[in-house]
$ cat run_24.cif   # mmCIF, C-alpha atoms and all ligand atoms
data_data
loop_
_atom_site.label_atom_id
_atom_site.label_comp_id
_atom_site.auth_asym_id
_atom_site.auth_seq_id
_atom_site.Cartn_x
_atom_site.Cartn_y
_atom_site.Cartn_z
CA MET A 12 96.85 100.03 106.95
CA THR A 13 96.31 99.86 110.70
CA ILE A 14 93.38 97.68 111.75
CA GLU A 15 91.63 99.10 114.83
CA GLN A 16 89.07 96.32 115.16
CA PRO A 17 88.06 93.20 113.23
CA ASN A 18 85.69 93.57 110.31
CA PRO A 19 82.57 91.65 111.49
CA ALA A 20 82.20 89.72 108.21
CA GLY A 21 85.88 88.84 108.24
CA HIS A 22 89.06 89.47 106.32
CA LEU A 23 90.48 87.89 103.21
CA CYS A 24 94.23 87.81 102.61
CA LEU A 25 95.33 87.15 99.03
CA SER A 26 98.86 85.79 98.89
CA PHE A 27 100.94 85.06 95.80
CA ASP A 28 104.04 82.86 95.99
CA PHE A 29 106.16 84.18 93.13
CA ASP A 30 108.38 81.10 92.91
CA GLY A 31 109.54 81.54 89.32
CA PRO A 32 112.07 78.94 88.13
CA SER A 33 113.28 78.28 91.70
CA LEU A 34 110.35 75.92 92.28
CA TRP A 35 111.57 73.68 89.46
CA ILE A 36 115.26 74.02 90.29
CA MET A 37 114.44 72.84 93.82
CA ARG A 38 112.84 69.71 92.33
CA LYS A 39 115.91 69.08 90.16
CA MET A 40 113.73 69.76 87.10
CA ALA A 41 115.97 72.42 85.62
CA SER A 42 115.67 71.61 81.92
CA ALA A 43 114.19 74.15 79.54
CA THR A 44 110.53 73.09 79.69
CA PRO A 45 109.92 73.06 83.46
CA VAL A 46 111.99 76.24 83.87
CA SER A 47 109.78 77.90 81.25
CA ARG A 48 106.78 77.16 83.48
CA GLY A 49 108.51 79.18 86.16
CA GLU A 50 109.29 81.92 83.66
CA PHE A 51 105.58 82.26 82.98
CA GLY A 52 105.22 83.52 86.56
CA ALA A 53 107.02 86.72 85.51
CA VAL A 54 104.52 87.12 82.64
CA ALA A 55 101.61 86.62 85.02
CA VAL A 56 102.63 89.00 87.81
CA PRO A 57 101.89 92.24 85.87
CA ARG A 58 98.48 90.79 84.91
CA ILE A 59 97.70 90.02 88.55
CA LEU A 60 98.87 93.45 89.71
CA LYS A 61 96.62 95.12 87.11
CA LEU A 62 93.63 93.00 88.15
CA LEU A 63 94.12 93.80 91.85
CA ALA A 64 94.78 97.50 91.22
CA ALA A 65 91.51 97.77 89.26
CA ARG A 66 89.69 96.63 92.42
CA ASP A 67 92.00 98.45 94.85
CA ILE A 68 92.70 95.14 96.63
CA PRO A 69 95.85 94.90 98.79
CA SER A 70 97.88 91.69 98.62
CA THR A 71 100.96 89.89 99.89
CA PHE A 72 103.69 88.37 97.73
CA PHE A 73 106.12 85.78 99.09
CA ILE A 74 109.19 85.98 96.87
CA PRO A 75 112.27 83.74 96.97
CA GLY A 76 115.59 85.60 96.77
CA HIS A 77 116.32 83.76 93.53
CA THR A 78 113.26 85.36 91.93
CA ILE A 79 114.25 88.83 93.14
CA GLU A 80 117.69 88.45 91.57
CA THR A 81 116.32 86.90 88.36
CA TYR A 82 113.40 89.29 87.81
CA PRO A 83 114.33 92.55 89.57
CA ASP A 84 112.06 94.68 87.37
CA VAL A 85 108.96 92.53 87.91
CA CYS A 86 109.63 92.42 91.66
CA ARG A 87 110.02 96.20 91.63
CA MET A 88 106.55 96.41 90.04
CA VAL A 89 105.15 94.38 92.96
CA VAL A 90 106.57 96.89 95.43
CA ASP A 91 105.53 99.90 93.35
CA HIS A 92 101.94 98.59 93.38
CA GLY A 93 102.01 98.79 97.18
CA CYS A 94 101.96 95.02 97.76
CA GLU A 95 103.55 93.56 100.85
CA VAL A 96 106.57 91.30 100.22
CA GLY A 97 107.42 88.44 102.57
CA ILE A 98 110.31 85.96 102.44
CA HIS A 99 110.11 82.49 100.87
CA GLY A 100 113.64 81.04 101.02
CA TYR A 101 116.48 81.86 98.65
CA ALA A 102 115.95 79.13 96.04
CA HIS A 103 112.76 77.54 97.42
CA GLU A 104 114.79 75.20 99.65
CA MET A 105 112.95 72.51 101.61
CA ASN A 106 113.77 73.41 105.20
CA GLY A 107 113.68 69.84 106.46
CA LEU A 108 116.46 68.89 104.03
CA GLN A 109 118.84 71.69 105.06
CA SER A 110 121.46 71.73 107.79
CA GLN A 111 121.16 74.42 110.43
CA ASP A 112 123.94 76.45 108.78
CA GLU A 113 122.40 76.13 105.32
CA GLU A 114 118.98 77.19 106.55
CA ARG A 115 120.42 80.11 108.49
CA ALA A 116 122.38 81.30 105.43
CA ALA A 117 119.37 81.00 103.09
CA MET A 118 117.12 82.90 105.48
CA SER A 119 119.64 85.72 106.01
CA ARG A 120 120.17 86.01 102.26
CA SER A 121 116.42 86.11 101.56
CA ILE A 122 115.85 88.76 104.24
CA GLU A 123 118.67 90.91 102.83
CA LEU A 124 117.25 90.71 99.31
CA VAL A 125 113.67 91.55 100.34
CA THR A 126 114.94 94.39 102.53
CA ALA A 127 116.93 95.82 99.61
CA LEU A 128 113.91 95.46 97.30
CA CYS A 129 111.39 97.07 99.66
CA GLY A 130 113.55 99.48 101.64
CA ALA A 131 112.22 97.94 104.83
CA GLU A 132 112.64 94.60 106.55
CA PRO A 133 110.03 91.92 105.85
CA THR A 134 107.71 90.86 108.66
CA GLY A 135 106.30 87.65 107.18
CA TYR A 136 107.45 84.24 106.01
CA ARG A 137 105.99 81.30 104.17
CA ALA A 138 108.06 78.12 104.07
CA PRO A 139 108.66 76.74 100.58
CA ALA A 140 106.17 73.86 100.13
CA GLY A 141 104.86 74.71 103.61
CA ASP A 142 107.72 72.79 105.22
CA LEU A 143 108.15 74.47 108.62
CA THR A 144 110.57 72.89 111.11
CA ASN A 145 111.37 73.64 114.74
CA GLN A 146 114.68 75.09 113.55
CA THR A 147 112.87 77.39 111.11
CA ILE A 148 110.60 78.69 113.86
CA GLU A 149 113.60 79.49 116.06
CA LEU A 150 115.29 81.34 113.18
CA LEU A 151 112.14 83.37 112.46
CA VAL A 152 111.91 84.39 116.12
CA GLU A 153 115.63 85.21 116.16
CA HIS A 154 115.20 87.47 113.12
CA GLY A 155 112.25 89.20 114.78
CA LEU A 156 109.67 88.34 112.13
CA THR A 157 106.07 88.98 113.14
CA TYR A 158 104.33 86.12 111.39
CA ASP A 159 104.56 82.81 109.60
CA SER A 160 102.07 81.36 107.12
CA SER A 161 103.01 77.70 106.72
CA LEU A 162 100.81 75.83 109.23
CA MET A 163 97.26 74.50 109.04
CA GLY A 164 96.10 74.42 112.69
CA HIS A 165 93.07 76.67 112.09
CA ASP A 166 91.26 78.13 109.13
CA SER A 167 90.00 81.53 110.21
CA ARG A 168 91.89 82.52 113.38
CA PRO A 169 95.51 83.69 113.74
CA TYR A 170 97.33 81.90 116.55
CA ARG A 171 100.76 81.72 118.19
CA VAL A 172 103.34 79.30 116.79
CA ARG A 173 104.72 76.79 119.35
CA VAL A 174 108.20 75.29 119.57
CA ASP A 175 109.41 72.03 121.09
CA ASP A 176 106.19 70.03 120.94
CA ARG A 177 106.79 66.54 122.36
CA LEU A 178 105.06 63.93 120.21
CA SER A 179 105.04 60.23 120.79
CA ASP A 180 102.94 57.25 119.68
CA ASP A 181 102.81 56.09 123.31
CA GLY A 182 100.95 58.98 124.94
CA PRO A 183 99.25 62.29 124.32
CA ALA A 184 100.91 65.20 122.58
CA ARG A 185 102.76 67.52 124.96
CA TRP A 186 102.52 70.96 123.41
CA GLY A 187 105.57 73.20 123.69
CA PRO A 188 105.57 76.88 124.66
CA GLU A 189 104.06 79.53 122.41
CA THR A 190 106.44 81.97 120.74
CA ASP A 191 105.78 85.59 119.79
CA LEU A 192 105.41 84.46 116.18
CA ILE A 193 101.84 84.84 114.85
CA GLU A 194 100.57 82.08 112.57
CA LEU A 195 98.29 83.11 109.70
CA PRO A 196 97.27 79.61 108.66
CA TRP A 197 96.82 78.33 105.11
CA SER A 198 95.77 74.94 103.76
CA TRP A 199 96.18 72.93 100.57
CA THR A 200 92.40 73.33 100.20
CA ASN A 201 92.94 77.08 99.82
CA ASP A 202 95.89 76.81 97.42
CA ASP A 203 95.62 76.97 93.63
CA TYR A 204 98.54 74.59 93.03
CA PRO A 205 97.01 71.15 93.74
CA TYR A 206 93.73 72.09 92.03
CA LEU A 207 95.16 73.47 88.84
CA GLU A 208 98.76 72.48 88.18
CA PHE A 209 99.52 69.36 86.15
CA VAL A 210 102.89 67.88 87.10
CA ALA A 211 104.35 64.56 85.92
CA PHE A 212 106.82 63.43 88.56
CA ARG A 213 108.93 60.35 87.97
CA ARG A 214 106.67 58.09 90.04
CA MET A 215 103.47 60.12 90.28
CA ILE A 216 101.13 62.30 88.29
CA MET A 217 99.56 65.33 89.96
CA PRO A 218 96.57 65.78 87.65
CA GLY A 219 95.54 69.37 88.44
CA LEU A 220 93.77 71.12 85.54
CA ALA A 221 90.49 71.46 87.44
CA ARG A 222 87.95 73.99 86.29
CA PRO A 223 88.99 77.14 88.15
CA ASP A 224 85.35 77.87 88.93
CA ASP A 225 85.19 74.58 90.86
CA MET A 226 88.22 75.65 92.90
CA PHE A 227 86.76 79.08 93.52
CA ASP A 228 83.44 77.47 94.57
CA ASN A 229 85.44 75.75 97.33
CA PHE A 230 87.17 78.99 98.28
CA LEU A 231 83.87 80.88 98.29
CA GLY A 232 82.29 78.20 100.48
CA ASP A 233 84.98 78.79 103.08
CA VAL A 234 84.35 82.54 102.87
CA GLN A 235 80.58 82.03 103.23
CA TRP A 236 81.05 79.77 106.25
CA MET A 237 83.43 82.28 107.88
CA VAL A 238 81.02 85.16 107.28
CA ARG A 239 78.14 83.16 108.81
CA GLU A 240 79.83 81.36 111.71
CA VAL A 241 82.89 83.40 112.71
CA ARG A 242 83.21 86.95 113.99
CA GLY A 243 86.05 88.85 112.40
CA GLY A 244 87.74 85.79 110.93
CA VAL A 245 90.78 85.80 108.66
CA LEU A 246 91.03 83.51 105.64
CA THR A 247 94.28 83.26 103.70
CA LEU A 248 94.31 82.11 100.08
CA VAL A 249 97.47 80.98 98.33
CA PHE A 250 98.08 81.57 94.64
CA HIS A 251 101.07 81.09 92.39
CA PRO A 252 101.46 83.51 89.46
CA GLN A 253 102.71 80.71 87.20
CA VAL A 254 99.47 78.82 87.96
CA ILE A 255 96.73 81.44 88.28
CA GLY A 256 98.06 83.73 85.53
CA ARG A 257 96.36 81.94 82.59
CA GLY A 258 93.44 83.78 80.98
CA HIS A 259 90.56 81.52 82.00
CA ARG A 260 91.86 81.36 85.57
CA LEU A 261 92.24 85.13 85.88
CA LEU A 262 88.66 85.58 84.67
CA ALA A 263 87.51 83.13 87.36
CA LEU A 264 89.62 84.98 89.94
CA GLU A 265 87.85 88.22 89.02
CA ARG A 266 84.44 86.59 89.49
CA PHE A 267 85.52 85.17 92.85
CA LEU A 268 86.84 88.51 94.12
CA ASP A 269 83.61 90.27 93.17
CA ALA A 270 81.52 87.55 94.89
CA ALA A 271 83.66 87.70 98.06
CA ALA A 272 83.46 91.49 98.18
CA GLU A 273 79.66 91.26 98.00
CA LEU A 274 79.71 89.17 101.19
CA GLY A 275 81.24 92.11 103.07
CA VAL A 276 84.71 90.70 103.69
CA ARG A 277 87.62 93.12 103.78
CA PHE A 278 90.85 92.54 101.88
CA ASP A 279 94.01 93.11 103.91
CA THR A 280 97.70 92.38 103.70
CA MET A 281 98.93 89.64 105.96
CA ALA A 282 101.37 92.10 107.59
CA ASP A 283 98.45 94.29 108.69
CA ILE A 284 96.52 91.34 110.12
CA ALA A 285 99.64 90.05 111.89
CA ALA A 286 100.45 93.47 113.36
CA ALA A 287 96.91 93.86 114.67
CA SER A 288 96.93 90.33 116.04
CA ALA A 289 100.29 90.91 117.77
CA GLY A 290 98.80 94.10 119.19
CA GLY A 291 96.05 92.16 120.92
CA ILE A 292 93.18 92.33 118.43
CA ARG A 293 91.31 89.01 118.47
CA PHE A 294 90.21 87.74 115.09
CA GLY A 295 88.11 84.68 114.39
CA LEU A 296 85.84 84.22 117.42
CA GLU A 297 83.25 81.43 117.32
CA ASP A 298 80.33 80.89 119.68
ZN ZN B 301 106.67 78.46 96.83
#

$ encode --input "run_24.cif" --output "structure tokens"
Amino acid sequence: MTIEQPNPAGHLCLSFDFDGPSLWIMRKMASATPVSRGEFGAVAVPRILKLLAARDIPSTFFIPGHTIETYPDVCRMVVDHGCEVGIHGYAHEMNGLQSQDEERAAMSRSIELVTALCGAEPTGYRAPAGDLTNQTIELLVEHGLTYDSSLMGHDSRPYRVRVDDRLSDDGPARWGPETDLIELPWSWTNDDYPYLEFVAFRRMIMPGLARPDDMFDNFLGDVQWMVREVRGGVLTLVFHPQVIGRGHRLLALERFLDAAAELGVRFDTMADIAAASAGGIRFGLED
């Protein structure tokens, strides 16, 4: 939906990274148990779509090509519910570990698959694990994407992505030129994964398993601050169906959405915010 002017209380973008098994394959954890955690994402997506449809809330899904090819029917449901679909790699590749040719091939393949799924080219990208490189930015610009959502340089204001920053430990940062690419920033603090997901890596435990209401208290605090201190801000939240799709977490999500709506924020797709921002609408002004 076209946004003519910012909503004074601000905008909330709900994004869902439908990683499926690709998240675990990328980590070389492709045995039956971790892959089944990814499979649960396909169980959770219809639940999430139903919950959002009941509240008429638009949303954005970032879907790896691997998920589209593995779960075509579930991905079709996402599109049929009117959700935006952005690209998220082919098999959740870490950009920094790919050669230029590998990254280029994965991005082209993911764009082709999302285009075939949606019948229109995607306009948005989120880097798997938020790993955005200079090379990735150049590829996104080359492909004419409107926005990225992998950086953390603000919380409530879209901004232009730069390339070729010069960074040294012997002098100040020399910022590179801005590109046409709009950044819709995220943060680990606004992401369900570190709060909720228990993962035993070989050398590290990520404990997760927080009470979802504690996580949503944090999210709601950011919404409250934006509503009070920022004019027409934009806050992006990141969810993963395989994480948020458990019963107690979905109930907490419902309570959060109702509380946020009461504060007067408007729910929008990231594509709509990015298009308005690219068109000159200024979100997220602070005194
Ligand atoms: Zn992901």

$ residues_near_ligand --input "run_24.cif" --ligand "ligand ZN 301 (chain B)" --cutoff "12 Å" --atoms "all atoms listed in the file" --output "ChimeraX atom specification"
/A:26-38,49,52,72-78,97-105,136-142,160-161,202-204,249-254

$ closest_residue --input "run_24.cif" --among "A:Val89, A:Ala65, A:Ile193, A:Leu178" --to "Thr157 (chain A)" --atoms "all atoms listed in the file"
A:Ile193

$ atom_distance --input "run_24.cif" --atom1 "CA of Val245 (chain A)" --atom2 "CA of His22 (chain A)"
4.7 Å

$ closest_residue --input "run_24.cif" --among "A:Trp199, A:Gly164, A:Phe51, A:Asn18" --to "Leu274 (chain A)" --atoms "all atoms listed in the file"
A:Asn18

$ residues_around --input "run_24.cif" --residues "Pro57 (chain A)" --least-positions-apart "6" --cutoff "10 Å" --atoms "all atoms listed in the file" --output "VMD selection string"
chain A and resid 63 85 to 86 88 to 89 92 252 256

$ write_last_selection --input "run_24.cif" --atoms "C-alpha atoms" --output "short mmCIF file (atom, residue, chain, number, x, y, z; two decimals), in the frame of the given file"
data_model
loop_
_atom_site.label_atom_id
_atom_site.label_comp_id
_atom_site.auth_asym_id
_atom_site.auth_seq_id
_atom_site.Cartn_x
_atom_site.Cartn_y
_atom_site.Cartn_z
CA LEU A 63 94.12 93.80 91.85
CA VAL A 85 108.96 92.53 87.91
CA CYS A 86 109.63 92.42 91.66
CA MET A 88 106.55 96.41 90.04
CA VAL A 89 105.15 94.38 92.96
CA HIS A 92 101.94 98.59 93.38
CA PRO A 252 101.46 83.51 89.46
CA GLY A 256 98.06 83.73 85.53
#

$ atom_distance --input "run_24.cif" --atom1 "CA of Asp298 (chain A)" --atom2 "CA of Thr13 (chain A)"
26.4 Å
